[in-house]
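Asker: Right, I'll just put the structure down here and ask away after.
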Amino acid sequence: MARQLSLRQLIVCITYLLGPAMLPLRAQANVTTQHNNNARTGANTQETILTPANVNSSQFGKLFSVAVDGYVYA
């Protein structure tokens with residue numbers, strides 16, 4: 001006869017199975033203030049992948065825009 005798991009047991013099982021897979025998704029830089037630094041500039045000074053040398057400025061930018069009817073809270 002099949003045993004039925006409680007919701008708590010199911011959550012524990014999922015956590016044990018998927019928990020290690022979630023570890024690489026942690027942030028690469030500590031963000032301890034709003035917008036990354038005390039000046040609130042939004043600059044990530046610890047960025048290592050995107051650099052001016054490997055980003056093609058002629059192909060980098062806004063992809064599209066959409067008209068909306070009212071306020072957008074994001």
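We name chains A, B, ... following the order of the structure tokens; residues begin at 1 in each chain, and ligands are numbered from 1 as shown.
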Quick one: pick out all alpha helix (DSSP H) residues within chain A from a backbone DSSP run and write them as a ChimeraX atom specification.

Answerer: /A:7-22

Asker: Those same residues - C-alpha atoms - I'd like them written as an mmCIF file, in the first residue's frame.

Answerer:
data_model
loop_
_atom_site.group_PDB
_atom_site.id
_atom_site.type_symbol
_atom_site.label_atom_id
_atom_site.label_comp_id
_atom_site.auth_asym_id
_atom_site.auth_seq_id
_atom_site.Cartn_x
_atom_site.Cartn_y
_atom_site.Cartn_z
ATOM 1 C CA LEU A 7 2.691 18.610 3.269
ATOM 2 C CA ARG A 8 5.590 19.164 5.661
ATOM 3 C CA GLN A 9 7.290 15.931 4.599
ATOM 4 C CA LEU A 10 6.804 16.862 0.950
ATOM 5 C CA ILE A 11 8.386 20.294 1.474
ATOM 6 C CA VAL A 12 11.343 18.727 3.311
ATOM 7 C CA CYS A 13 11.868 16.224 0.477
ATOM 8 C CA ILE A 14 11.737 18.929 -2.185
ATOM 9 C CA THR A 15 14.162 21.085 -0.191
ATOM 10 C CA TYR A 16 16.670 18.240 0.125
ATOM 11 C CA LEU A 17 16.391 17.398 -3.570
ATOM 12 C CA LEU A 18 16.433 20.923 -5.035
ATOM 13 C CA GLY A 19 18.408 22.769 -2.355
ATOM 14 C CA PRO A 20 21.893 21.920 -3.698
ATOM 15 C CA ALA A 21 20.811 22.895 -7.211
ATOM 16 C CA MET A 22 19.876 26.379 -5.966
#

Asker: Have a look at atom CA of A:Gln34 and atom CA of A:Glu47 and let me know their distance in Å, one decimal.

Answerer: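 Atom CA of A:Glu47 lies 16.9 Å from atom CA of A:Gln34.
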